[in-house]
file target.txt (compact mmCIF, C-alpha atoms)
# COMPACT_ATOMS: atom_id res chain seq x y z
CA MET A 1 8.44 -20.33 6.14
CA ALA A 2 6.59 -19.29 2.99
CA ILE A 3 9.71 -18.42 1.01
CA PHE A 4 9.78 -20.05 -2.39
CA SER A 5 10.83 -19.81 -5.99
CA VAL A 6 8.65 -20.16 -9.10
CA ARG A 7 10.00 -20.63 -12.61
CA GLY A 8 8.60 -19.34 -15.85
CA THR A 9 6.55 -16.27 -14.91
CA GLN A 10 6.69 -13.55 -17.52
CA VAL A 11 4.85 -10.28 -16.91
CA LYS A 12 3.89 -8.97 -20.34
CA GLY A 13 1.80 -5.90 -19.65
CA ILE A 14 0.08 -3.70 -17.08
CA ALA A 15 -2.99 -1.52 -17.58
CA ALA A 16 -5.02 0.53 -15.12
CA CYS A 17 -8.34 2.30 -14.89
CA VAL A 18 -9.17 5.06 -12.41
CA PRO A 19 -12.27 7.22 -11.97
CA SER A 20 -11.85 10.59 -13.69
CA ALA A 21 -13.10 12.56 -10.65
CA LYS A 22 -10.30 13.83 -8.42
CA GLU A 23 -10.14 15.31 -4.96
CA TYR A 24 -7.28 17.47 -3.80
CA ASN A 25 -6.03 17.31 -0.24
CA ARG A 26 -5.38 21.07 -0.33
CA ASP A 27 -9.20 21.42 -0.42
CA TYR A 28 -9.86 19.00 2.48
CA ASP A 29 -11.55 21.56 4.73
CA TRP A 30 -12.30 19.17 7.63
CA ILE A 31 -8.84 20.13 8.95
CA SER A 32 -6.99 23.45 9.19
CA GLU A 33 -4.75 24.73 6.40
CA ALA A 34 -1.65 24.10 8.55
CA GLU A 35 -2.76 20.49 9.12
CA ARG A 36 -3.45 20.06 5.42
CA ASN A 37 0.03 21.28 4.51
CA LEU A 38 1.61 18.92 7.04
CA LEU A 39 -0.59 16.07 5.80
CA ILE A 40 0.41 16.59 2.16
CA LYS A 41 4.09 16.90 3.02
CA THR A 42 4.15 13.89 5.35
CA THR A 43 1.98 11.49 3.36
CA GLY A 44 3.12 12.69 -0.06
CA ILE A 45 -0.51 12.62 -1.22
CA SER A 46 -1.76 15.66 -3.13
CA SER A 47 -4.76 14.25 -4.95
CA ARG A 48 -6.78 11.07 -5.29
CA HIS A 49 -9.20 9.63 -7.85
CA ILE A 50 -12.66 9.04 -6.39
CA ALA A 51 -15.28 6.70 -7.84
CA GLY A 52 -18.81 8.01 -8.27
CA LYS A 53 -21.66 6.47 -6.34
CA GLY A 54 -22.47 3.02 -7.69
CA THR A 55 -19.16 2.48 -9.49
CA THR A 56 -17.70 -0.86 -8.47
CA THR A 57 -14.35 -2.60 -8.66
CA THR A 58 -15.49 -4.63 -11.67
CA ASP A 59 -16.65 -1.45 -13.44
CA LEU A 60 -13.02 -0.30 -13.43
CA ALA A 61 -11.61 -3.80 -13.94
CA VAL A 62 -13.41 -4.45 -17.24
CA PRO A 63 -11.93 -1.47 -19.15
CA ALA A 64 -8.51 -2.08 -17.55
CA ALA A 65 -8.53 -5.73 -18.66
CA GLU A 66 -9.83 -4.90 -22.12
CA LEU A 67 -7.13 -2.26 -22.58
CA LEU A 68 -4.51 -4.79 -21.46
CA ILE A 69 -5.75 -7.51 -23.81
CA ARG A 70 -5.92 -5.05 -26.72
CA SER A 71 -2.44 -3.65 -26.01
CA LEU A 72 -0.92 -7.13 -25.81
CA GLY A 73 -2.77 -8.34 -28.89
CA TRP A 74 -3.98 -11.36 -26.94
CA ASP A 75 -6.71 -13.68 -28.08
CA LYS A 76 -9.28 -13.89 -25.26
CA ASN A 77 -9.68 -17.61 -25.92
CA GLU A 78 -6.08 -18.18 -24.79
CA ILE A 79 -6.67 -16.69 -21.34
CA ASP A 80 -7.01 -19.61 -18.95
CA LEU A 81 -6.80 -17.85 -15.60
CA LEU A 82 -8.26 -14.70 -14.06
CA VAL A 83 -7.44 -13.84 -10.45
CA LEU A 84 -9.06 -10.81 -8.83
CA VAL A 85 -7.42 -9.35 -5.73
CA THR A 86 -9.91 -7.09 -3.99
CA GLN A 87 -11.53 -6.26 -0.68
CA SER A 88 -14.46 -4.42 -2.27
CA ARG A 89 -16.38 -7.06 -4.16
CA ASP A 90 -19.55 -6.19 -6.03
CA TYR A 91 -21.69 -8.64 -4.03
CA PHE A 92 -21.52 -10.62 -0.82
CA LEU A 93 -21.58 -13.55 -3.21
CA PRO A 94 -20.72 -14.67 -5.88
CA SER A 95 -17.06 -13.85 -6.31
CA SER A 96 -16.47 -10.81 -8.49
CA GLY A 97 -13.67 -12.60 -10.33
CA VAL A 98 -16.22 -14.99 -11.77
CA ILE A 99 -18.44 -12.09 -12.86
CA LEU A 100 -15.41 -10.56 -14.56
CA GLN A 101 -14.82 -13.71 -16.62
CA ASP A 102 -18.15 -13.04 -18.30
CA ARG A 103 -17.96 -9.24 -18.45
CA ILE A 104 -14.52 -9.30 -20.07
CA GLY A 105 -15.70 -11.97 -22.49
CA LEU A 106 -13.31 -14.72 -21.47
CA PRO A 107 -14.13 -18.34 -22.35
CA HIS A 108 -15.80 -20.78 -19.95
CA THR A 109 -12.50 -22.69 -19.93
CA CYS A 110 -10.99 -19.83 -17.89
CA ALA A 111 -10.52 -20.43 -14.15
CA SER A 112 -11.49 -17.36 -12.12
CA PHE A 113 -11.68 -16.52 -8.43
CA ASP A 114 -11.07 -13.81 -5.82
CA ILE A 115 -8.31 -13.27 -3.29
CA GLY A 116 -9.45 -11.06 -0.40
CA LEU A 117 -6.34 -9.04 0.37
CA GLY A 118 -5.41 -5.37 0.24
CA CYS A 119 -1.96 -3.81 0.63
CA SER A 120 -0.07 -7.11 0.26
CA GLY A 121 -2.50 -8.45 -2.34
CA TYR A 122 -0.57 -7.79 -5.55
CA VAL A 123 2.42 -9.81 -4.39
CA TYR A 124 0.20 -12.57 -3.00
CA GLY A 125 -1.82 -12.60 -6.22
CA MET A 126 1.33 -12.74 -8.31
CA SER A 127 2.54 -15.72 -6.26
CA VAL A 128 -0.73 -17.59 -6.86
CA VAL A 129 -0.78 -16.85 -10.59
CA ALA A 130 2.93 -17.75 -10.96
CA SER A 131 2.48 -21.02 -9.08
CA MET A 132 -0.51 -22.01 -11.22
CA LEU A 133 1.24 -21.06 -14.46
CA GLN A 134 4.26 -23.13 -13.45
CA THR A 135 2.14 -26.27 -13.71
CA GLY A 136 2.07 -25.75 -17.46
CA GLY A 137 -1.70 -26.14 -17.53
CA PHE A 138 -2.38 -22.47 -18.20
CA ARG A 139 -1.23 -20.39 -21.17
CA LYS A 140 -2.09 -16.82 -20.28
CA ALA A 141 -3.34 -15.22 -17.07
CA ILE A 142 -4.73 -11.89 -15.95
CA LEU A 143 -4.15 -10.67 -12.41
CA ILE A 144 -6.60 -7.92 -11.56
CA ALA A 145 -5.87 -5.92 -8.42
CA GLY A 146 -7.65 -2.95 -6.92
CA ASP A 147 -10.40 -1.54 -4.80
CA ILE A 148 -13.06 1.07 -4.51
CA SER A 149 -11.80 2.08 -1.07
CA THR A 150 -13.41 5.49 -0.86
CA VAL A 151 -16.94 4.10 -0.52
CA SER A 152 -16.05 3.07 3.05
CA LEU A 153 -14.43 6.34 4.13
CA ASN A 154 -15.94 9.05 6.31
CA TYR A 155 -15.09 12.64 5.31
CA LYS A 156 -14.96 13.50 9.01
CA ASP A 157 -12.15 11.01 9.69
CA LYS A 158 -8.89 12.83 9.07
CA SER A 159 -6.89 9.68 9.86
CA ALA A 160 -8.21 7.81 6.81
CA TYR A 161 -10.19 10.00 4.40
CA PRO A 162 -7.31 11.95 2.79
CA LEU A 163 -5.18 8.85 2.24
CA PHE A 164 -7.11 6.57 -0.10
CA GLY A 165 -7.91 6.68 -3.80
CA ASP A 166 -9.69 4.28 -6.14
CA ALA A 167 -7.95 2.31 -8.89
CA VAL A 168 -8.01 -1.10 -10.53
CA THR A 169 -5.11 -2.61 -12.47
CA ALA A 170 -4.80 -5.56 -14.84
CA THR A 171 -1.51 -7.42 -15.27
CA GLY A 172 -1.00 -9.85 -18.14
CA ILE A 173 1.21 -12.81 -17.30
CA GLU A 174 2.41 -15.66 -19.51
CA PHE A 175 4.11 -18.95 -18.82
CA ASN A 176 7.66 -19.01 -20.19
CA PRO A 177 9.29 -22.35 -19.28
CA GLY A 178 12.80 -21.03 -19.94
CA GLY A 179 12.27 -17.80 -18.03
CA GLU A 180 14.03 -16.64 -14.89
CA ALA A 181 12.73 -17.57 -11.47
CA SER A 182 10.51 -15.29 -9.40
CA ASP A 183 11.00 -15.49 -5.65
CA PHE A 184 8.39 -14.83 -2.99
CA ASN A 185 8.25 -14.33 0.76
CA LEU A 186 4.68 -14.33 2.13
CA GLN A 187 3.78 -13.59 5.78
CA SER A 188 0.73 -12.88 7.94
CA ASP A 189 -0.27 -11.96 11.49
CA GLY A 190 -4.02 -12.09 12.08
CA GLY A 191 -3.42 -10.94 15.66
CA GLY A 192 -3.38 -7.44 14.22
CA PHE A 193 -6.68 -7.75 12.34
CA GLU A 194 -8.19 -4.70 14.02
CA ALA A 195 -5.45 -2.31 12.88
CA ILE A 196 -7.32 -1.68 9.61
CA ILE A 197 -10.91 -2.85 9.66
CA ILE A 198 -14.47 -2.23 8.56
CA GLN A 199 -16.36 -3.56 11.59
CA ASP A 200 -19.89 -4.03 10.27
CA GLY A 201 -21.51 -5.43 7.16
CA CYS A 202 -20.32 -9.00 7.08
CA VAL A 203 -21.17 -12.15 9.05
CA ARG A 204 -19.47 -11.31 12.37
CA ASN A 205 -21.35 -8.02 12.65
CA PRO A 206 -24.23 -7.96 10.17
CA PRO A 207 -25.36 -4.49 9.09
CA SER A 208 -27.80 -2.87 11.51
CA ASP A 209 -29.16 0.59 12.30
CA GLU A 210 -26.28 1.01 14.71
CA SER A 211 -23.78 0.45 11.91
CA HIS A 212 -24.43 3.94 10.56
CA ILE A 213 -24.25 5.84 13.84
CA GLU A 214 -21.24 8.13 13.89
CA HIS A 215 -18.98 8.34 16.93
CA GLU A 216 -16.28 10.88 17.70
CA VAL A 217 -13.18 8.81 18.46
CA GLU A 218 -10.94 11.82 19.00
CA LYS A 219 -10.68 15.37 17.69
CA GLY A 220 -11.00 15.28 13.90
CA ILE A 221 -11.96 11.61 13.79
CA ILE A 222 -15.68 10.85 13.47
CA ARG A 223 -16.74 7.54 11.95
CA SER A 224 -19.30 4.74 12.06
CA ARG A 225 -18.91 0.97 12.20
CA LYS A 226 -19.53 0.85 8.42
CA ASN A 227 -16.51 3.05 7.82
CA LEU A 228 -12.91 1.97 7.40
CA TRP A 229 -10.94 2.33 10.65
CA LEU A 230 -7.23 2.82 10.50
CA ASN A 231 -4.87 2.73 13.46
CA GLY A 232 -2.09 4.71 11.83
CA MET A 233 0.42 4.34 14.61
CA ASP A 234 0.08 0.53 14.86
CA ILE A 235 0.30 0.15 11.08
CA PHE A 236 3.33 2.41 10.99
CA ASN A 237 5.11 0.40 13.69
CA PHE A 238 4.19 -2.89 12.04
CA SER A 239 5.28 -1.85 8.55
CA VAL A 240 8.65 -0.35 9.45
CA ARG A 241 9.38 -3.37 11.69
CA GLU A 242 8.27 -6.22 9.42
CA ALA A 243 8.67 -5.10 5.78
CA PRO A 244 12.48 -4.64 5.96
CA LYS A 245 12.88 -8.02 7.71
CA ASN A 246 10.70 -9.73 5.10
CA ILE A 247 12.68 -8.20 2.22
CA THR A 248 16.04 -9.01 3.83
CA ALA A 249 14.93 -12.64 4.26
CA LEU A 250 13.93 -12.78 0.58
CA MET A 251 17.30 -11.43 -0.51
CA ASN A 252 19.08 -13.91 1.75
CA PHE A 253 16.99 -16.69 0.18
CA ASN A 254 17.87 -15.84 -3.41
CA GLY A 255 21.36 -14.52 -2.73
CA THR A 256 20.72 -11.01 -4.00
CA THR A 257 21.50 -7.56 -2.62
CA GLU A 258 19.90 -4.20 -3.20
CA LYS A 259 22.39 -3.63 -6.04
CA ASP A 260 20.85 -6.48 -8.09
CA TYR A 261 17.54 -4.64 -8.47
CA ASP A 262 16.65 -1.83 -10.84
CA PHE A 263 13.55 -0.80 -8.91
CA PHE A 264 12.17 -1.22 -5.41
CA VAL A 265 8.39 -0.76 -5.69
CA MET A 266 6.54 -0.64 -2.40
CA HIS A 267 2.85 -0.61 -1.64
CA GLN A 268 2.03 3.10 -1.62
CA ALA A 269 0.95 3.63 1.98
CA ASN A 270 2.35 7.04 2.82
CA LEU A 271 5.61 8.77 2.06
CA LEU A 272 6.91 8.99 5.63
CA MET A 273 6.37 5.28 6.26
CA ASN A 274 7.74 4.16 2.91
CA GLU A 275 10.79 6.38 3.21
CA THR A 276 11.48 4.98 6.67
CA ILE A 277 11.42 1.46 5.20
CA ARG A 278 13.62 2.50 2.28
CA LYS A 279 16.18 4.14 4.55
CA LYS A 280 16.29 1.12 6.86
CA LEU A 281 17.08 -1.07 3.84
CA LYS A 282 19.59 1.50 2.53
CA ILE A 283 17.98 1.45 -0.92
CA PRO A 284 18.76 4.54 -3.04
CA ALA A 285 15.91 7.02 -3.53
CA GLU A 286 16.29 6.91 -7.32
CA LYS A 287 15.37 3.19 -7.30
CA THR A 288 12.19 3.83 -5.33
CA PRO A 289 9.32 5.26 -7.41
CA TYR A 290 6.12 6.74 -5.94
CA SER A 291 2.65 7.25 -7.34
CA LEU A 292 1.31 8.56 -4.03
CA LYS A 293 1.21 12.20 -5.12
CA ASP A 294 -1.48 11.77 -7.77
CA TYR A 295 -3.26 8.61 -6.65
CA GLY A 296 -2.86 8.20 -2.86
CA ASN A 297 -3.06 4.74 -1.32
CA THR A 298 -4.81 2.57 -3.91
CA SER A 299 -4.72 -0.69 -1.95
CA SER A 300 -3.64 -3.73 -4.01
CA ALA A 301 -3.46 -1.58 -7.17
CA SER A 302 -0.67 0.59 -5.80
CA ILE A 303 2.35 -1.49 -6.87
CA PRO A 304 1.31 -2.08 -10.51
CA LEU A 305 -0.02 1.50 -10.76
CA THR A 306 3.39 2.78 -9.63
CA ILE A 307 5.21 0.62 -12.19
CA LEU A 308 2.81 1.80 -14.89
CA THR A 309 2.90 5.52 -14.09
CA GLN A 310 6.49 5.93 -12.94
CA CYS A 311 8.52 3.24 -14.75
CA ALA A 312 6.75 2.75 -18.10
CA GLU A 313 9.77 3.79 -20.15
CA ALA A 314 12.28 1.89 -18.04
CA ALA A 315 10.09 -1.21 -18.22
CA GLN A 316 10.73 -1.44 -21.98
CA GLN A 317 14.16 -2.91 -21.16
CA PRO A 318 14.98 -6.05 -19.16
CA ARG A 319 14.60 -5.19 -15.45
CA ARG A 320 14.73 -6.83 -12.06
CA TRP A 321 12.12 -5.64 -9.60
CA LEU A 322 11.79 -5.92 -5.86
CA LEU A 323 8.13 -5.59 -4.90
CA SER A 324 6.85 -5.27 -1.34
CA GLY A 325 3.31 -5.01 0.03
CA PHE A 326 2.34 -4.59 3.69
CA GLY A 327 -0.75 -3.64 5.66
CA VAL A 328 -4.32 -4.78 6.26
CA GLY A 329 -4.60 -8.28 7.71
CA LEU A 330 -1.98 -7.91 8.96
CA SER A 331 -0.45 -9.32 5.81
CA TRP A 332 2.86 -8.63 4.13
CA ALA A 333 4.88 -10.06 1.26
CA SER A 334 7.77 -9.38 -1.07
CA CYS A 335 8.73 -10.64 -4.48
CA SER A 336 11.77 -10.63 -6.75
CA LEU A 337 10.71 -10.48 -10.37
CA PHE A 338 12.56 -10.30 -13.68
CA THR A 339 10.83 -8.78 -16.68
CA ASP A 340 11.88 -8.56 -20.29
CA LYS A 341 9.54 -5.89 -21.61
CA ILE A 342 6.29 -4.71 -20.05
CA ILE A 343 3.67 -3.14 -22.32
CA CYS A 344 2.37 -0.09 -20.43
CA PRO A 345 -0.57 1.71 -22.05
CA PRO A 346 -1.47 5.06 -20.44
CA VAL A 347 -3.80 4.97 -17.43
CA LEU A 348 -7.42 4.97 -18.50
CA GLU A 349 -9.78 7.45 -16.80
CA LEU A 350 -13.43 6.50 -16.64
CA MET B 1 23.17 8.18 20.70
CA ASP B 2 23.29 11.93 20.21
CA ASP B 3 23.39 14.30 23.17
CA ILE B 4 20.05 15.88 23.99
CA LYS B 5 20.88 19.17 22.28
CA THR B 6 21.59 17.40 18.96
CA PHE B 7 18.48 15.26 19.43
CA ILE B 8 16.34 18.36 19.90
CA GLY B 9 17.92 19.94 16.83
CA LYS B 10 16.96 16.91 14.74
CA LEU B 11 13.44 16.95 16.19
CA GLU B 12 12.98 20.62 15.31
CA ALA B 13 14.22 19.97 11.80
CA GLU B 14 11.69 17.19 11.28
CA LEU B 15 8.62 18.59 13.06
CA GLU B 16 6.94 21.00 10.69
CA GLY B 17 6.14 24.51 11.87
CA LEU B 18 8.43 24.68 14.89
CA THR B 19 10.82 27.61 15.19
CA PRO B 20 14.39 26.61 16.05
CA GLY B 21 14.93 26.95 19.79
CA SER B 22 11.26 26.45 20.67
CA LEU B 23 11.86 22.97 22.09
CA THR B 24 13.67 22.47 25.40
CA PRO B 25 14.23 19.30 27.44
CA GLU B 26 11.35 20.37 29.68
CA THR B 27 8.85 20.98 26.84
CA ASN B 28 5.69 18.88 27.19
CA TYR B 29 5.46 18.20 23.48
CA ARG B 30 2.06 16.55 23.53
CA GLN B 31 0.51 19.65 25.05
CA MET B 32 1.84 21.90 22.28
CA PRO B 33 -1.07 23.49 20.37
CA GLU B 34 0.26 22.38 16.98
CA TRP B 35 0.90 18.77 18.12
CA SER B 36 -1.01 16.13 16.10
CA SER B 37 -0.93 12.41 15.38
CA MET B 38 1.09 13.25 12.28
CA HIS B 39 3.84 14.65 14.51
CA ALA B 40 3.80 11.38 16.47
CA LEU B 41 4.45 9.46 13.24
CA ILE B 42 7.27 11.84 12.31
CA LEU B 43 8.80 11.20 15.72
CA ILE B 44 8.53 7.41 15.31
CA ALA B 45 10.13 7.67 11.85
CA LEU B 46 12.98 9.77 13.26
CA ALA B 47 13.67 7.19 15.99
CA GLU B 48 13.73 4.41 13.36
CA THR B 49 15.89 6.10 10.77
CA GLU B 50 18.29 8.08 12.99
CA TYR B 51 18.71 5.68 15.89
CA ASN B 52 17.28 2.35 14.65
CA ILE B 53 14.97 2.28 17.67
CA SER B 54 11.28 1.29 17.57
CA VAL B 55 8.90 3.56 19.46
CA THR B 56 5.20 2.70 19.80
CA GLY B 57 2.12 4.81 20.43
CA ASP B 58 2.08 3.52 24.01
CA ASP B 59 5.70 4.63 24.42
CA LEU B 60 4.80 8.12 23.29
CA ARG B 61 1.81 8.25 25.63
CA SER B 62 4.07 7.26 28.54
CA CYS B 63 6.35 10.25 27.88
CA GLU B 64 5.48 13.83 28.74
CA THR B 65 8.56 15.89 28.09
CA ILE B 66 11.32 15.84 25.50
CA ASN B 67 13.58 14.72 28.33
CA ASP B 68 11.36 11.67 28.96
CA LEU B 69 11.48 10.82 25.29
CA TYR B 70 15.24 11.21 25.12
CA ALA B 71 15.64 8.98 28.19
CA LEU B 72 13.42 6.33 26.59
CA LEU B 73 15.46 6.29 23.40
CA LYS B 74 18.71 6.24 25.32
CA SER B 75 17.54 3.30 27.41
CA ARG B 76 16.96 1.35 24.19
CA THR B 77 20.30 2.17 22.66
CA SER B 78 22.26 -1.01 22.45
call {"tool": "encode", "arguments": {"input": "target.txt", "output": "structure tokens"}}
result
Amino acid sequence: MAIFSVRGTQVKGIAACVPSAKEYNRDYDWISEAERNLLIKTTGISSRHIAGKGTTTTDLAVPAAELLIRSLGWDKNEIDLLVLVTQSRDYFLPSSGVILQDRIGLPHTCASFDIGLGCSGYVYGMSVVASMLQTGGFRKAILIAGDISTVSLNYKDKSAYPLFGDAVTATGIEFNPGGEASDFNLQSDGGGFEAIIIQDGCVRNPPSDESHIEHEVEKGIIRSRKNLWLNGMDIFNFSVREAPKNITALMNFNGTTEKDYDFFVMHQANLLMNETIRKKLKIPAEKTPYSLKDYGNTSSASIPLTILTQCAEAAQQPRRWLLSGFGVGLSWASCSLFTDKIICPPVLEL
Amino acid sequence: MDDIKTFIGKLEAELEGLTPGSLTPETNYRQMPEWSSMHALILIALAETEYNISVTGDDLRSCETINDLYALLKSRTS
């Protein structure tokens, strides 16, 4: 079981950068007006930020990280660790995290690498950063999480296109030896790898002429092998089955109950799914913030973006957070985190 | 488990755009003109939150009428 406790992790600040261009689901004319209304009500997604052609994850990550560093008053030379959680790297190789070390202006003494996860990625990334900080060999760390998801979407796929938005977040984390423990529960099931997938473009299926040929899968769903495929029903079943069990196991591990947490921040998948998980766990609605309405599903950025946009004021006081990510992989994880005060500068639009 | 009348009432409340009384036990819900994959997700969510029962896409495809669906849920009621 990958349930464990890490001492001394202190989240100090969160910043985010999104593209300024927005799309509104009320204007999504691939489907009827009745379908659009049902979509908005069911998913909770009204609008999404969409990156322009050529804008990459690192293009959003650099201003997010610089805003974070500036807001925290950090000296770049004290940052010893940069972890990038993304599934939309700039290049096949090298890792985009390494490129970011240079673009942000961090010293060569900074360790940097990528973690290739999506929906669960923020919690996984936090667990990696926390574990490395606990060694005492690192002073300050930046966890960057986010994706340019929309580059892989097909407008003619109603099952995926209106759900995703682009965003990249930067979280500043320090080692505090006397700080409270953070607890993690990490899980995976690669048997479900096809539930969310981009089939072509990597080593298994290198890009070919066929990759761009569009196929009608069912009414309202036309896509190619270069596009993101989403099996909504399988993901729904998986998430409402596994996320509550994972969270319950975490709370059994650290002896907490729902009442011990100020906020329950889930990966922002869609409102219907998240509300089903919340109701199964009997967590009050007022403890469960959403950023879905204005940002949609922003992959690994969704948890920190929700904290930043919905809890910025509350985060100025000591808080205990229950974070939960679930989806592509299949991969899912939860985390119990105590924070003293999180610096939350307004979301940057590029 | 609710009786079928209560179950249908809850379904109509959750499924957008349906007029109360439009669903009967014999209704083939998947053939309804307004039926979409979004309705299927709403149905799965209802089964989870109201009855704590997991329903898959295959389950839904194996059912034709509201009666079939009700029987499936009832068979899984512990």
call {"tool": "closest_residue", "arguments": {"input": "target.txt", "among": "A:Thr276, A:Gln10, A:Gln101, A:Thr248", "to": "chain B", "atoms": "only C-alpha atoms"}}
result
A:Thr276
call {"tool": "residues_near_point", "arguments": {"input": "target.txt", "point": "(-3.3, 1.8, -13.3)", "cutoff": "10 Å", "atoms": "only C-alpha atoms", "output": "ChimeraX atom specification"}}
result
/A:14-18,60,64,145-146,166-171,295,298,301-309,344-349
call {"tool": "closest_atom_pairs", "arguments": {"input": "target.txt", "of": "chain A", "to": "chain B", "cutoff": "12 Å", "atoms": "only C-alpha atoms", "output": "tab-separated table"}}
result
residue	atom	partner	partner_atom	distance
A:Ile31	CA	B:Ser36	CA	11.3
A:Ser32	CA	B:Glu34	CA	10.7
A:Glu33	CA	B:Glu34	CA	11.9
A:Ala34	CA	B:Gly17	CA	8.5
A:Glu35	CA	B:Ser36	CA	8.4
A:Arg36	CA	B:Met38	CA	10.7
A:Asn37	CA	B:Glu16	CA	9.3
A:Leu38	CA	B:Glu16	CA	6.8
A:Leu39	CA	B:Met38	CA	7.3
A:Ile40	CA	B:Met38	CA	10.7
A:Lys41	CA	B:Glu16	CA	9.2
A:Thr42	CA	B:Met38	CA	7.6
A:Thr43	CA	B:Met38	CA	9.1
A:Lys158	CA	B:Ser37	CA	10.2
A:Ser159	CA	B:Ser37	CA	8.6
A:Glu218	CA	B:Ser37	CA	10.7
A:Lys219	CA	B:Ser36	CA	9.8
A:Gly220	CA	B:Ser36	CA	10.3
A:Ile221	CA	B:Ser37	CA	11.2
A:Asn231	CA	B:Gly57	CA	10.1
A:Gly232	CA	B:Leu41	CA	8.2
A:Met233	CA	B:Gly57	CA	6.1
A:Asp234	CA	B:Gly57	CA	7.3
A:Ile235	CA	B:Thr56	CA	10.3
A:Phe236	CA	B:Leu41	CA	7.5
A:Asn237	CA	B:Thr56	CA	6.5
A:Phe238	CA	B:Thr56	CA	9.6
A:Ser239	CA	B:Ala45	CA	11.2
A:Val240	CA	B:Glu48	CA	8.0
A:Arg241	CA	B:Ser54	CA	7.7
A:Glu242	CA	B:Ser54	CA	11.5
A:Pro244	CA	B:Glu48	CA	11.8
A:Asn270	CA	B:Leu41	CA	10.9
A:Leu271	CA	B:Ile42	CA	10.8
A:Leu272	CA	B:Ala45	CA	7.1
A:Met273	CA	B:Ala45	CA	7.1
A:Asn274	CA	B:Ala45	CA	9.9
A:Glu275	CA	B:Ala45	CA	8.8
A:Thr276	CA	B:Ala45	CA	6.0
A:Ile277	CA	B:Thr49	CA	8.5
A:Arg278	CA	B:Thr49	CA	9.5
A:Lys279	CA	B:Thr49	CA	6.5
A:Lys280	CA	B:Thr49	CA	6.3
A:Leu281	CA	B:Thr49	CA	10.0
A:Lys282	CA	B:Thr49	CA	10.1
call {"tool": "atom_distance", "arguments": {"input": "target.txt", "atom1": "CA of Ala65 (chain A)", "atom2": "CA of Ile142 (chain A)"}}
result
7.7 Å
call {"tool": "closest_residue", "arguments": {"input": "target.txt", "among": "B:Glu26, B:Arg76, B:Leu60, B:Pro20", "to": "Leu43 (chain B)", "atoms": "all atoms listed in the file"}}
result
B:Leu60
call {"tool": "closest_residue", "arguments": {"input": "target.txt", "among": "B:Ala13, B:Leu73, B:Met1, B:Ile8", "to": "Tyr29 (chain B)", "atoms": "all atoms listed in the file"}}
result
B:Ile8
call {"tool": "residues_around", "arguments": {"input": "target.txt", "residues": "Trp321 (chain A)", "least_positions_apart": "4", "cutoff": "9 Å", "atoms": "only C-alpha atoms", "output": "list in words"}}
result
Asp260, Tyr261, Asp262, Phe263, Phe264, Val265, Cys335, Ser336, Leu337, Phe338 and Thr339 of chain A
call {"tool": "write_last_selection", "arguments": {"input": "target.txt", "atoms": "C-alpha atoms", "output": "short mmCIF file (atom, residue, chain, number, x, y, z; two decimals), keeping the file's coordinate frame"}}
result
data_model
loop_
_atom_site.label_atom_id
_atom_site.label_comp_id
_atom_site.auth_asym_id
_atom_site.auth_seq_id
_atom_site.Cartn_x
_atom_site.Cartn_y
_atom_site.Cartn_z
CA ASP A 260 20.85 -6.48 -8.09
CA TYR A 261 17.54 -4.64 -8.47
CA ASP A 262 16.65 -1.83 -10.84
CA PHE A 263 13.55 -0.80 -8.91
CA PHE A 264 12.17 -1.22 -5.41
CA VAL A 265 8.39 -0.76 -5.69
CA CYS A 335 8.73 -10.64 -4.48
CA SER A 336 11.77 -10.63 -6.75
CA LEU A 337 10.71 -10.48 -10.37
CA PHE A 338 12.56 -10.30 -13.68
CA THR A 339 10.83 -8.78 -16.68
#
call {"tool": "atom_distance", "arguments": {"input": "target.txt", "atom1": "CA of Ile247 (chain A)", "atom2": "CA of Ser324 (chain A)"}}
result
7.4 Å
call {"tool": "residues_near_point", "arguments": {"input": "target.txt", "point": "(11.1, 21.9, 30.9)", "cutoff": "9 Å", "atoms": "only C-alpha atoms", "output": "number ranges by chain"}}
result
B: 23-28, 65-67
